[in-house]
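Structure below is data.pdb: PDB, C-alpha atoms.
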```
ATOM      1  CA  MET D   1      32.427 -37.793  12.678
ATOM      2  CA  ARG D   2      30.323 -39.246   9.862
ATOM      3  CA  LYS D   3      27.190 -37.200   9.159
ATOM      4  CA  MET D   4      23.998 -39.151   9.766
ATOM      5  CA  THR D   5      21.655 -38.673   6.818
ATOM      6  CA  LEU D   6      18.415 -40.275   5.655
ATOM      7  CA  ALA D   7      16.569 -39.962   2.325
ATOM      8  CA  CYS D   8      16.714 -36.527   0.611
ATOM      9  CA  GLY D   9      19.488 -35.507   3.010
ATOM     10  CA  VAL D  10      17.163 -35.518   6.045
ATOM     11  CA  ARG D  11      19.123 -35.402   9.305
ATOM     12  CA  PRO D  12      17.948 -35.965  12.903
ATOM     13  CA  GLY D  13      17.920 -32.241  13.702
ATOM     14  CA  ASP D  14      15.436 -31.619  10.880
ATOM     15  CA  ILE D  15      12.924 -34.022  12.387
ATOM     16  CA  ALA D  16      13.493 -32.518  15.850
ATOM     17  CA  VAL D  17      12.832 -28.987  14.532
ATOM     18  CA  ILE D  18       9.674 -30.063  12.696
ATOM     19  CA  LEU D  19       8.298 -31.927  15.735
ATOM     20  CA  PHE D  20       9.137 -28.993  18.022
ATOM     21  CA  LEU D  21       7.349 -26.477  15.802
ATOM     22  CA  LEU D  22       4.287 -28.730  15.390
ATOM     23  CA  LEU D  23       4.131 -29.116  19.182
ATOM     24  CA  LEU D  24       4.524 -25.355  19.649
ATOM     25  CA  ALA D  25       1.742 -24.714  17.123
ATOM     26  CA  ALA D  26      -0.557 -27.169  18.935
ATOM     27  CA  VAL D  27       0.167 -25.613  22.355
ATOM     28  CA  LEU D  28      -0.410 -22.081  21.031
ATOM     29  CA  LEU D  29      -3.596 -23.206  19.291
ATOM     30  CA  PHE D  30      -5.065 -24.598  22.527
ATOM     31  CA  ALA D  31      -3.883 -21.603  24.552
ATOM     32  CA  GLY D  32      -5.470 -19.194  22.082
ATOM     33  CA  THR D  33      -8.949 -20.662  21.711
ATOM     34  CA  ALA D  34     -11.655 -20.413  24.349
ATOM     35  CA  PRO D  35     -12.933 -23.655  25.944
ATOM     36  CA  ALA D  36     -15.356 -25.551  23.709
ATOM     37  CA  SER D  37     -18.158 -25.177  26.275
ATOM     38  CA  THR D  38     -18.147 -21.401  25.799
ATOM     39  CA  ARG D  39     -20.937 -20.296  23.499
ATOM     40  CA  ALA D  40     -20.260 -17.589  20.952
ATOM     41  CA  GLN D  41     -21.862 -14.366  22.186
ATOM     42  CA  TYR D  42     -20.290 -11.271  20.685
ATOM     43  CA  VAL D  43     -18.464 -10.058  17.633
ATOM     44  CA  SER D  44     -15.582  -7.804  18.587
ATOM     45  CA  VAL D  45     -14.466  -5.368  15.911
ATOM     46  CA  VAL D  46     -11.151  -3.551  16.244
ATOM     47  CA  THR D  47     -10.692  -0.705  13.775
ATOM     48  CA  GLU D  48      -8.165   2.070  13.409
ATOM     49  CA  THR D  49     -10.350   4.461  15.379
ATOM     50  CA  GLY D  50     -11.600   2.192  18.168
ATOM     51  CA  THR D  51     -13.128  -1.060  19.303
ATOM     52  CA  PHE D  52     -16.774  -2.082  19.538
ATOM     53  CA  GLN D  53     -18.772  -5.239  20.168
ATOM     54  CA  VAL D  54     -22.061  -6.382  18.673
ATOM     55  CA  PRO D  55     -24.179  -9.320  19.900
ATOM     56  CA  LEU D  56     -23.970 -12.312  17.558
ATOM     57  CA  ASN D  57     -27.690 -13.181  17.873
ATOM     58  CA  GLU D  58     -28.908 -10.008  16.144
ATOM     59  CA  ASN D  59     -28.907  -9.858  12.370
ATOM     60  CA  ARG D  60     -27.386  -6.611  11.150
ATOM     61  CA  VAL D  61     -25.227  -5.069   8.460
ATOM     62  CA  ILE D  62     -22.515  -2.733   9.742
ATOM     63  CA  PRO D  63     -20.488  -0.453   7.454
ATOM     64  CA  ILE D  64     -16.912   0.036   8.683
ATOM     65  CA  THR D  65     -14.519   2.710   7.490
ATOM     66  CA  SER D  66     -10.949   2.162   8.619
ATOM     67  CA  GLY D  67      -7.638   3.141   7.100
ATOM     68  CA  ARG D  68      -8.351   3.910   3.454
ATOM     69  CA  CYS D  69     -10.811   1.038   3.110
ATOM     70  CA  ARG D  70     -14.576   0.649   3.421
ATOM     71  CA  LEU D  71     -15.813  -2.741   4.585
ATOM     72  CA  THR D  72     -19.235  -4.221   5.223
ATOM     73  CA  LEU D  73     -19.602  -6.548   8.193
ATOM     74  CA  THR D  74     -22.672  -8.774   8.072
ATOM     75  CA  VAL D  75     -23.851 -10.503  11.252
ATOM     76  CA  GLU D  76     -26.436 -13.122  10.394
ATOM     77  CA  ASN D  77     -27.769 -16.291  12.095
ATOM     78  CA  GLY D  78     -24.932 -16.477  14.610
ATOM     79  CA  THR D  79     -22.150 -15.965  12.068
ATOM     80  CA  ALA D  80     -20.129 -12.922  11.080
ATOM     81  CA  CYS D  81     -18.455 -12.240   7.765
ATOM     82  CA  ILE D  82     -17.042  -9.372   5.747
ATOM     83  CA  THR D  83     -19.334  -9.276   2.722
ATOM     84  CA  GLU D  84     -17.848  -6.304   0.921
ATOM     85  CA  SER D  85     -14.467  -4.624   0.882
ATOM     86  CA  ASP D  86     -12.795  -2.176  -1.463
ATOM     87  CA  CYS D  87      -9.306  -3.118  -0.291
ATOM     88  CA  PRO D  88      -7.109  -4.543  -3.065
ATOM     89  CA  SER D  89      -6.139  -7.831  -1.383
ATOM     90  CA  GLY D  90      -9.657  -9.186  -0.797
ATOM     91  CA  VAL D  91      -8.329 -11.517   1.908
ATOM     92  CA  CYS D  92     -11.043 -10.564   4.404
ATOM     93  CA  THR D  93     -13.952 -11.396   2.105
ATOM     94  CA  ALA D  94     -12.225 -14.651   1.127
ATOM     95  CA  SER D  95     -11.928 -15.619   4.804
ATOM     96  CA  GLY D  96     -15.632 -16.487   4.836
ATOM     97  CA  ALA D  97     -17.966 -16.598   7.848
ATOM     98  CA  ILE D  98     -16.809 -17.147  11.429
ATOM     99  CA  SER D  99     -18.938 -18.378  14.337
ATOM    100  CA  VAL D 100     -16.736 -20.123  16.958
ATOM    101  CA  PRO D 101     -15.139 -18.174  19.865
ATOM    102  CA  GLY D 102     -11.505 -17.441  19.042
ATOM    103  CA  GLN D 103     -12.017 -17.353  15.269
ATOM    104  CA  SER D 104     -11.082 -14.091  13.603
ATOM    105  CA  ILE D 105     -10.959 -12.245  10.299
ATOM    106  CA  VAL D 106      -8.035  -9.909   9.775
ATOM    107  CA  CYS D 107      -7.791  -7.177   7.165
ATOM    108  CA  LEU D 108      -4.292  -5.754   7.318
ATOM    109  CA  PRO D 109      -4.624  -2.922   4.739
ATOM    110  CA  ALA D 110      -7.677  -1.571   6.609
ATOM    111  CA  ARG D 111      -6.276  -2.444  10.069
ATOM    112  CA  VAL D 112      -9.524  -4.190  10.962
ATOM    113  CA  LEU D 113      -9.818  -7.262  13.177
ATOM    114  CA  VAL D 114     -13.130  -9.069  13.599
ATOM    115  CA  LYS D 115     -13.188 -11.683  16.356
ATOM    116  CA  ILE D 116     -15.833 -13.934  17.904
ATOM    117  CA  LEU D 117     -15.952 -13.731  21.695
ATOM    118  CA  GLY D 118     -17.550 -16.161  24.153
ATOM    119  CA  GLU D 119     -19.434 -15.625  27.448
ATOM    120  CA  GLY D 120     -18.516 -12.343  29.115
ATOM    121  CA  GLY D 121     -16.852 -11.146  25.944
ATOM    122  CA  SER D 122     -13.495 -12.628  26.872
ATOM    123  CA  SER D 123     -10.968 -14.838  25.146
ATOM    124  CA  ALA D 124      -7.313 -15.472  25.796
ATOM    125  CA  TYR D 125      -6.082 -12.659  23.577
ATOM    126  CA  ALA D 126      -8.980 -10.224  23.078
ATOM    127  CA  LYS D 127      -9.342  -8.384  26.362
ATOM    128  CA  ASP D 128      -8.960  -4.971  24.838
ATOM    129  CA  ALA D 129     -12.609  -4.282  23.910
ATOM    130  CA  ASP D 130     -13.785  -1.139  25.659
ATOM    131  CA  VAL D 131     -17.006  -0.031  23.927
ATOM    132  CA  ILE D 132     -20.244  -2.014  23.666
ATOM    133  CA  LEU D 133     -22.623  -0.882  20.947
ATOM    134  CA  PRO D 134     -26.233  -0.374  22.128
TER     135      PRO D 134
ATOM    136  CA  MET K 135      35.471 -19.614   3.288
ATOM    137  CA  PRO K 136      37.951 -16.888   2.294
ATOM    138  CA  LYS K 137      37.704 -13.514   3.991
ATOM    139  CA  MET K 138      36.394 -10.619   1.907
ATOM    140  CA  GLN K 139      39.737  -8.781   1.618
ATOM    141  CA  MET K 140      41.497 -11.964   0.458
ATOM    142  CA  LEU K 141      39.303 -12.303  -2.626
ATOM    143  CA  SER K 142      40.937 -11.393  -5.928
ATOM    144  CA  SER K 143      39.127  -8.943  -8.147
ATOM    145  CA  ARG K 144      38.102 -11.849 -10.391
ATOM    146  CA  ASP K 145      36.610 -13.718  -7.425
ATOM    147  CA  ARG K 146      34.793 -10.587  -6.311
ATOM    148  CA  THR K 147      33.315 -10.187  -9.794
ATOM    149  CA  VAL K 148      32.224 -13.837  -9.848
ATOM    150  CA  ARG K 149      30.597 -13.358  -6.451
ATOM    151  CA  LEU K 150      28.780 -10.201  -7.573
ATOM    152  CA  MET K 151      27.531 -11.955 -10.714
ATOM    153  CA  GLU K 152      26.324 -14.972  -8.725
ATOM    154  CA  ASP K 153      24.485 -12.794  -6.220
ATOM    155  CA  ALA K 154      22.883 -10.907  -9.105
ATOM    156  CA  ALA K 155      21.821 -14.182 -10.730
ATOM    157  CA  LEU K 156      20.389 -15.432  -7.441
ATOM    158  CA  LEU K 157      18.524 -12.121  -7.011
ATOM    159  CA  CYS K 158      17.007 -12.575 -10.489
ATOM    160  CA  ALA K 159      15.982 -16.118  -9.581
ATOM    161  CA  ALA K 160      14.453 -14.874  -6.309
ATOM    162  CA  LEU K 161      12.487 -12.191  -8.169
ATOM    163  CA  MET K 162      11.261 -14.773 -10.679
ATOM    164  CA  LEU K 163      10.069 -16.997  -7.829
ATOM    165  CA  SER K 164       8.362 -14.008  -6.135
ATOM    166  CA  TYR K 165       6.703 -13.205  -9.447
ATOM    167  CA  VAL K 166       5.422 -16.767  -9.828
ATOM    168  CA  GLU K 167       4.026 -16.592  -6.287
ATOM    169  CA  ALA K 168       2.353 -13.252  -7.078
ATOM    170  CA  VAL K 169       0.808 -14.558 -10.313
ATOM    171  CA  PHE K 170      -0.354 -17.894  -8.845
ATOM    172  CA  PRO K 171      -1.119 -16.977  -5.225
ATOM    173  CA  LEU K 172      -1.366 -19.867  -2.786
ATOM    174  CA  THR K 173      -4.274 -18.068  -1.116
ATOM    175  CA  ALA K 174      -6.412 -19.031  -4.133
ATOM    176  CA  VAL K 175      -6.025 -22.704  -3.137
ATOM    177  CA  ILE K 176      -5.771 -22.360   0.660
ATOM    178  CA  PRO K 177      -7.960 -19.467   1.892
ATOM    179  CA  LEU K 178      -5.530 -18.409   4.626
ATOM    180  CA  PRO K 179      -4.352 -14.800   4.554
ATOM    181  CA  GLY K 180      -0.634 -14.456   3.948
ATOM    182  CA  ALA K 181      -0.078 -18.093   2.957
ATOM    183  CA  LYS K 182       2.956 -18.280   0.654
ATOM    184  CA  CYS K 183       5.345 -21.035  -0.440
ATOM    185  CA  GLY K 184       8.389 -18.888   0.310
ATOM    186  CA  LEU K 185      10.299 -20.309  -2.649
ATOM    187  CA  ALA K 186      12.371 -17.122  -2.925
ATOM    188  CA  ASN K 187      14.063 -18.211   0.296
ATOM    189  CA  LEU K 188      15.851 -20.857  -1.821
ATOM    190  CA  SER K 189      17.882 -18.113  -3.474
ATOM    191  CA  VAL K 190      18.733 -16.514  -0.143
ATOM    192  CA  MET K 191      19.849 -19.862   1.302
ATOM    193  CA  LEU K 192      21.938 -20.583  -1.808
ATOM    194  CA  ALA K 193      23.628 -17.167  -1.516
ATOM    195  CA  TYR K 194      24.436 -17.999   2.111
ATOM    196  CA  HIS K 195      25.637 -21.505   1.279
ATOM    197  CA  ARG K 196      27.942 -20.395  -1.553
ATOM    198  CA  HIS K 197      29.208 -17.141  -0.054
ATOM    199  CA  SER K 198      28.260 -15.548   3.245
ATOM    200  CA  LEU K 199      25.491 -14.079   5.355
ATOM    201  CA  ALA K 200      26.253 -10.665   3.863
ATOM    202  CA  ASP K 201      25.482 -12.002   0.370
ATOM    203  CA  ALA K 202      22.296 -13.643   1.649
ATOM    204  CA  ALA K 203      21.247 -10.365   3.297
ATOM    205  CA  ALA K 204      21.973  -8.413   0.098
ATOM    206  CA  VAL K 205      19.904 -10.829  -2.013
ATOM    207  CA  SER K 206      17.108 -10.926   0.566
ATOM    208  CA  PHE K 207      16.748  -7.165   1.093
ATOM    209  CA  ALA K 208      17.069  -6.388  -2.620
ATOM    210  CA  ARG K 209      14.389  -8.976  -3.374
ATOM    211  CA  VAL K 210      12.054  -7.631  -0.668
ATOM    212  CA  LEU K 211      12.445  -4.038  -1.917
ATOM    213  CA  LEU K 212      12.079  -4.894  -5.596
ATOM    214  CA  SER K 213       9.144  -7.284  -5.192
ATOM    215  CA  ALA K 214       7.314  -4.756  -2.959
ATOM    216  CA  MET K 215       7.831  -2.130  -5.677
ATOM    217  CA  LEU K 216       6.760  -4.488  -8.468
ATOM    218  CA  PHE K 217       3.911  -6.515  -6.935
ATOM    219  CA  GLY K 218       3.273  -5.163  -3.425
ATOM    220  CA  SER K 219       2.447  -2.126  -1.344
ATOM    221  CA  VAL K 220       3.856  -0.154   1.605
ATOM    222  CA  SER K 221       2.253  -2.474   4.142
ATOM    223  CA  SER K 222       3.516  -5.605   2.376
ATOM    224  CA  LEU K 223       7.021  -4.076   2.394
ATOM    225  CA  ALA K 224       6.883  -3.591   6.180
ATOM    226  CA  PHE K 225       5.719  -7.177   6.700
ATOM    227  CA  SER K 226       8.274  -8.673   4.312
ATOM    228  CA  LEU K 227      11.127  -6.660   5.861
ATOM    229  CA  SER K 228      10.359  -7.702   9.428
ATOM    230  CA  GLY K 229      10.111 -11.332   8.305
ATOM    231  CA  ALA K 230      13.328 -11.089   6.303
ATOM    232  CA  VAL K 231      15.321  -9.678   9.244
ATOM    233  CA  LEU K 232      14.316 -12.495  11.602
ATOM    234  CA  SER K 233      14.859 -15.240   9.043
ATOM    235  CA  LEU K 234      18.323 -13.836   8.231
ATOM    236  CA  ALA K 235      19.095 -13.952  11.960
ATOM    237  CA  VAL K 236      18.305 -17.683  11.951
ATOM    238  CA  LEU K 237      20.352 -18.142   8.773
ATOM    239  CA  GLY K 238      23.329 -16.444  10.448
ATOM    240  CA  LEU K 239      23.329 -19.072  13.200
ATOM    241  CA  TYR K 240      23.340 -22.024  10.786
ATOM    242  CA  ARG K 241      27.061 -22.609  10.298
ATOM    243  CA  ALA K 242      27.931 -21.975  13.936
ATOM    244  CA  VAL K 243      25.081 -23.872  15.599
ATOM    245  CA  PHE K 244      22.617 -25.786  13.442
ATOM    246  CA  ALA K 245      24.876 -27.256  10.717
ATOM    247  CA  ARG K 246      26.165 -29.886  13.160
ATOM    248  CA  PHE K 247      22.880 -31.728  13.403
ATOM    249  CA  MET K 248      20.490 -30.509  10.715
ATOM    250  CA  SER K 249      20.344 -30.177   6.938
ATOM    251  CA  PHE K 250      18.749 -27.412   4.878
ATOM    252  CA  ILE K 251      15.331 -28.848   5.719
ATOM    253  CA  GLY K 252      15.628 -27.857   9.373
ATOM    254  CA  LEU K 253      17.178 -24.528   8.399
ATOM    255  CA  SER K 254      14.454 -23.750   5.900
ATOM    256  CA  VAL K 255      11.657 -24.699   8.333
ATOM    257  CA  LEU K 256      13.269 -22.606  11.083
ATOM    258  CA  SER K 257      13.761 -19.597   8.835
ATOM    259  CA  ALA K 258      10.182 -19.870   7.538
ATOM    260  CA  ALA K 259       8.952 -19.946  11.139
ATOM    261  CA  ALA K 260      11.150 -16.935  11.970
ATOM    262  CA  HIS K 261       9.814 -15.119   8.905
ATOM    263  CA  ASN K 262       6.233 -15.728  10.046
ATOM    264  CA  LEU K 263       7.034 -14.702  13.610
ATOM    265  CA  GLY K 264       8.490 -11.443  12.285
ATOM    266  CA  GLN K 265       5.357 -10.817  10.249
ATOM    267  CA  ILE K 266       3.051 -11.515  13.186
ATOM    268  CA  LEU K 267       5.089  -9.173  15.413
ATOM    269  CA  CYS K 268       4.814  -6.543  12.687
ATOM    270  CA  ALA K 269       1.046  -7.137  12.570
ATOM    271  CA  VAL K 270       0.856  -6.679  16.365
ATOM    272  CA  VAL K 271       2.493  -3.260  15.990
ATOM    273  CA  TRP K 272       0.495  -2.419  12.845
ATOM    274  CA  MET K 273      -2.919  -3.345  14.276
ATOM    275  CA  HIS K 274      -2.228  -2.243  17.885
ATOM    276  CA  THR K 275      -3.654  -5.512  19.206
ATOM    277  CA  LEU K 276      -2.316  -8.814  20.493
ATOM    278  CA  SER K 277      -5.271 -10.640  18.939
ATOM    279  CA  VAL K 278      -3.334 -11.407  15.760
ATOM    280  CA  LEU K 279      -1.056 -13.663  17.854
ATOM    281  CA  SER K 280      -3.834 -16.247  17.709
ATOM    282  CA  TYR K 281      -2.991 -16.636  14.008
ATOM    283  CA  LEU K 282       0.588 -17.726  14.768
ATOM    284  CA  PRO K 283      -0.163 -21.498  15.113
ATOM    285  CA  VAL K 284      -1.653 -21.578  11.605
ATOM    286  CA  LEU K 285       1.385 -19.816  10.160
ATOM    287  CA  LEU K 286       3.747 -22.143  12.081
ATOM    288  CA  LEU K 287       1.979 -25.148  10.567
ATOM    289  CA  LEU K 288       2.324 -23.635   7.087
ATOM    290  CA  SER K 289       6.007 -22.885   7.703
ATOM    291  CA  VAL K 290       6.613 -26.537   8.624
ATOM    292  CA  ILE K 291       4.931 -27.738   5.420
ATOM    293  CA  PHE K 292       6.468 -25.276   2.961
ATOM    294  CA  GLY K 293       9.780 -25.065   4.803
ATOM    295  CA  THR K 294      10.139 -28.835   4.378
ATOM    296  CA  VAL K 295       9.349 -28.582   0.670
ATOM    297  CA  SER K 296      11.933 -25.864   0.041
ATOM    298  CA  GLY K 297      14.423 -27.620   2.336
ATOM    299  CA  VAL K 298      14.237 -30.804   0.266
ATOM    300  CA  LEU K 299      14.630 -28.716  -2.914
ATOM    301  CA  MET K 300      17.629 -26.996  -1.310
ATOM    302  CA  ASN K 301      19.231 -30.339  -0.302
ATOM    303  CA  LEU K 302      18.908 -31.451  -3.929
ATOM    304  CA  ALA K 303      20.044 -28.094  -5.346
ATOM    305  CA  VAL K 304      23.315 -27.861  -3.397
ATOM    306  CA  ARG K 305      24.400 -31.194  -4.840
ATOM    307  CA  ARG K 306      23.568 -30.211  -8.411
ATOM    308  CA  VAL K 307      24.610 -26.562  -8.596
ATOM    309  CA  PRO K 308      28.414 -26.723  -8.906
ATOM    310  CA  SER K 309      30.314 -24.656  -6.392
ATOM    311  CA  ALA K 310      32.286 -21.623  -7.561
ATOM    312  CA  ALA K 311      35.498 -23.256  -6.330
ATOM    313  CA  VAL K 312      34.977 -26.364  -8.487
ATOM    314  CA  ARG K 313      34.332 -24.252 -11.559
ATOM    315  CA  ARG K 314      37.472 -22.201 -10.977
ATOM    316  CA  ARG K 315      39.623 -25.338 -10.857
ATOM    317  CA  VAL K 316      38.147 -26.561 -14.146
ATOM    318  CA  SER K 317      38.527 -23.317 -16.097
TER     319      SER K 317
END
```

Take the structure in the file and write it out as structure tokens.
Amino acid sequence: MRKMTLACGVRPGDIAVILFLLLLAAVLLFAGTAPASTRAQYVSVVTETGTFQVPLNENRVIPITSGRCRLTLTVENGTACITESDCPSGVCTASGAISVPGQSIVCLPARVLVKILGEGGSSAYAKDADVILP
Amino acid sequence: MPKMQMLSSRDRTVRLMEDAALLCAALMLSYVEAVFPLTAVIPLPGAKCGLANLSVMLAYHRHSLADAAAVSFARVLLSAMLFGSVSSLAFSLSGAVLSLAVLGLYRAVFARFMSFIGLSVLSAAAHNLGQILCAVVWMHTLSVLSYLPVLLLLSVIFGTVSGVLMNLAVRRVPSAAVRRRVS
């Protein structure tokens, strides 16, 4: 059987794989984010030692020590961002501010996950919060 | 594809030398990615071009899965020692295992209907899936799964780029068999 090829050696299976993965990414994206009507309410912080939530409407600066890293989480005007980190990668500070339910900042060396939650503190994946800070 | 025990000692030496050369090329590509990180342009954690996968795919194409695995694991170990850390080694290893699993299926299953573009996209996606699964274990939370769609999108983009490069490379890099006939 003659092999069917297009430009640059592209074959039908290549296009099928690409379309399948794009579709999968889109489905996972919609499954993972909360409905757009949900307002952002809480910041959920998962650290090595435990999980806590802080309301998004209060401005505060929270120091976090997790793993071998010290981070500073700043909650300000309905957004949350990691403003300081002594971890070598600096990915978490580069991630910028998050404000929409479902958005998250991950710091792998420190094992810290910061996630915005909607009404009732729930989203498709983050149901593991068990402590609410006063 | 001759079986391992049927190779003459000269062929085995050629194969060892080629794998070593491909490992050097893979390390060079890892080094370039470490010096000019993609995350500086796209602020997405863990975003990488995955160009070193070209070497692994070439080792598979010219020899066998065993050669690809040798090149891949040696590259992961050496680049973690040179430019990475313990955590980056764990993430790279879990990605490498899954992408080698996809590579192993290529000749039997995928080669009938796809070129190296499909293979490279699939193995990039498998690599990212492995890393996310490692992150789930590492962070003790399923929340990191929500990052998978972003990584899948990146694997489609950069997998296509390295797949096109691979399609061009296999035509230009002469096969060991051709060179033997000439010499």

- Query: Using the chain letters and numbers from the file, which residues does the PyMOL selection byres ((chain D) within 7 of (chain K)) grab, as JSON, numbers by chain?
  - Reply: {"D": [8, 9, 10, 11, 12, 13, 14, 17, 18, 21, 22, 25, 26, 28, 29, 32, 91, 94, 95, 109, 111, 125, 126]}

- Item | Which of D:Gly102, D:Gly50, D:Pro88, D:Gly78 sits closest to Ile64 in chain D [using all atoms listed in the file] |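 When distances to Ile64 in chain D are compared using all atoms listed in the file, the smallest one comes from D:Gly50.
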
Around all listed atoms of range 236-242 of chain K, padded 5 Å per side, what centre and edge lengths does the axis-aligned box have in Å to one decimal, as JSON?
```
{"center_x": 23.1, "center_y": -19.5, "center_z": 11.4, "size_x": 19.6, "size_y": 16.2, "size_z": 15.2}
```

Give me the residues near Leu185 in chain K as a compact mmCIF listing (two decimals) with C-alpha atoms, in the frame of the given file, where near means some atom within 9 Å (using all atoms listed in the file) and where sequence neighbours in that chain fewer than 5 positions away do not count.
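part.txt, written as the output of this step:
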```txt
# COMPACT_ATOMS: atom_id res chain seq x y z
CA ALA K 160 14.45 -14.87 -6.31
CA LEU K 163 10.07 -17.00 -7.83
CA SER K 164 8.36 -14.01 -6.14
CA GLU K 167 4.03 -16.59 -6.29
CA PHE K 292 6.47 -25.28 2.96
CA GLY K 293 9.78 -25.06 4.80
CA VAL K 295 9.35 -28.58 0.67
CA SER K 296 11.93 -25.86 0.04
```

- Query: Quick one: distance from CA of Leu141 in chain K to CA of Ala155 in chain K in Å, one decimal?
  - Reply: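 Between these atoms lies a distance of 19.4 Å.
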
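For the structure in this document, the set picked by the PyMOL selection byres ((chain D and resi 42) around 6) is Gln41, Val43, Val54, Pro55, Leu56, Ile116 and Leu117 of chain D.
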
- Message: Counting only C-alpha atoms, which residues have an atom no more than 7 Å from (-21.9, -3.3, 8.8) in the file's coordinates? Please list them as a ChimeraX atom specification.
- Response: /D:60-64,72-74

Suppose we keep C-alpha atoms; can you now write the selection as a PDB file, in the frame of the given file?
```pdb
ATOM      1  CA  ARG D  60     -27.386  -6.611  11.150  1.00  0.00           C
ATOM      2  CA  VAL D  61     -25.227  -5.069   8.460  1.00  0.00           C
ATOM      3  CA  ILE D  62     -22.515  -2.733   9.742  1.00  0.00           C
ATOM      4  CA  PRO D  63     -20.488  -0.453   7.454  1.00  0.00           C
ATOM      5  CA  ILE D  64     -16.912   0.036   8.683  1.00  0.00           C
ATOM      6  CA  THR D  72     -19.235  -4.221   5.223  1.00  0.00           C
ATOM      7  CA  LEU D  73     -19.602  -6.548   8.193  1.00  0.00           C
ATOM      8  CA  THR D  74     -22.672  -8.774   8.072  1.00  0.00           C
TER       9      THR D  74
END
```

- Query: In terms of the shortest atom-to-atom distance over only C-alpha atoms, which of D:Thr51, D:Ser85, D:Ser44, D:Thr93 is closest to Gly118 in chain D?
  - Reply: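 Closest to Gly118 in chain D, using only C-alpha atoms: D:Ser44.
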
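From CA of Gly264 in chain K back to CA of Ile82 in chain D, the distance works out to 26.4 Å.
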
- Message: If the PyMOL selection byres ((chain K and resi 234-236) around 8) were run on this exact file, what residues would it hold? Put them as an MDAnalysis selection string.
- Response: chainID K and resid 199 202:203 230:233 237:240 253 256:257 260

Test item: residues at most 6 Å from Val114 in chain D, all atoms listed in the file, excluding those fewer than 2 positions along its chain, as a PDB file with C-alpha atoms, in the coordinates of the input:
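Here's the written file result-v1.pdb:
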```
ATOM      1  CA  SER D  44     -15.582  -7.804  18.587  1.00  0.00           C
ATOM      2  CA  VAL D  45     -14.466  -5.368  15.911  1.00  0.00           C
ATOM      3  CA  SER D 104     -11.082 -14.091  13.603  1.00  0.00           C
ATOM      4  CA  ILE D 105     -10.959 -12.245  10.299  1.00  0.00           C
TER       5      ILE D 105
END
```

- Within 8 Å of Cys268 in chain K, counting only C-alpha atoms, which residues qualify if same-chain residues fewer than 6 places away don't, as a PyMOL selection string? chain K and resi 224-225+228

- Enter the distance from CA of Glu48 in chain D to CA of Ser66 in chain D, in Å, rounded to one decimal.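 Taking CA of Glu48 in chain D and CA of Ser66 in chain D, their separation equals 5.5 Å.
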
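Shell of His197 in chain K at 9 Å, with all atoms listed in the file counted and residues fewer than 5 places along the chain excluded, is Met135, Arg149, Asp153, Leu192 and Ala202 of chain K.
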
- So which residues fall inside 9 Å of (-9.6, -3.4, 6.7) if we count all atoms listed in the file? Mind giving them as a list in words? Thr47, Glu48, Ile64, Thr65, Ser66, Gly67, Arg68, Cys69, Arg70, Leu71, Ser85, Asp86, Cys87, Cys92, Val106, Cys107, Leu108, Pro109, Ala110, Arg111, Val112 and Leu113 of chain D

- Best match for closeness to Val304 in chain K among K:Ala258, K:Ala204, K:Val166, K:Ala193, counting only C-alpha atoms: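 Checking each of K:Ala258, K:Ala204, K:Val166, K:Ala193 against Val304 in chain K, counting only C-alpha atoms, the winner is K:Ala193.
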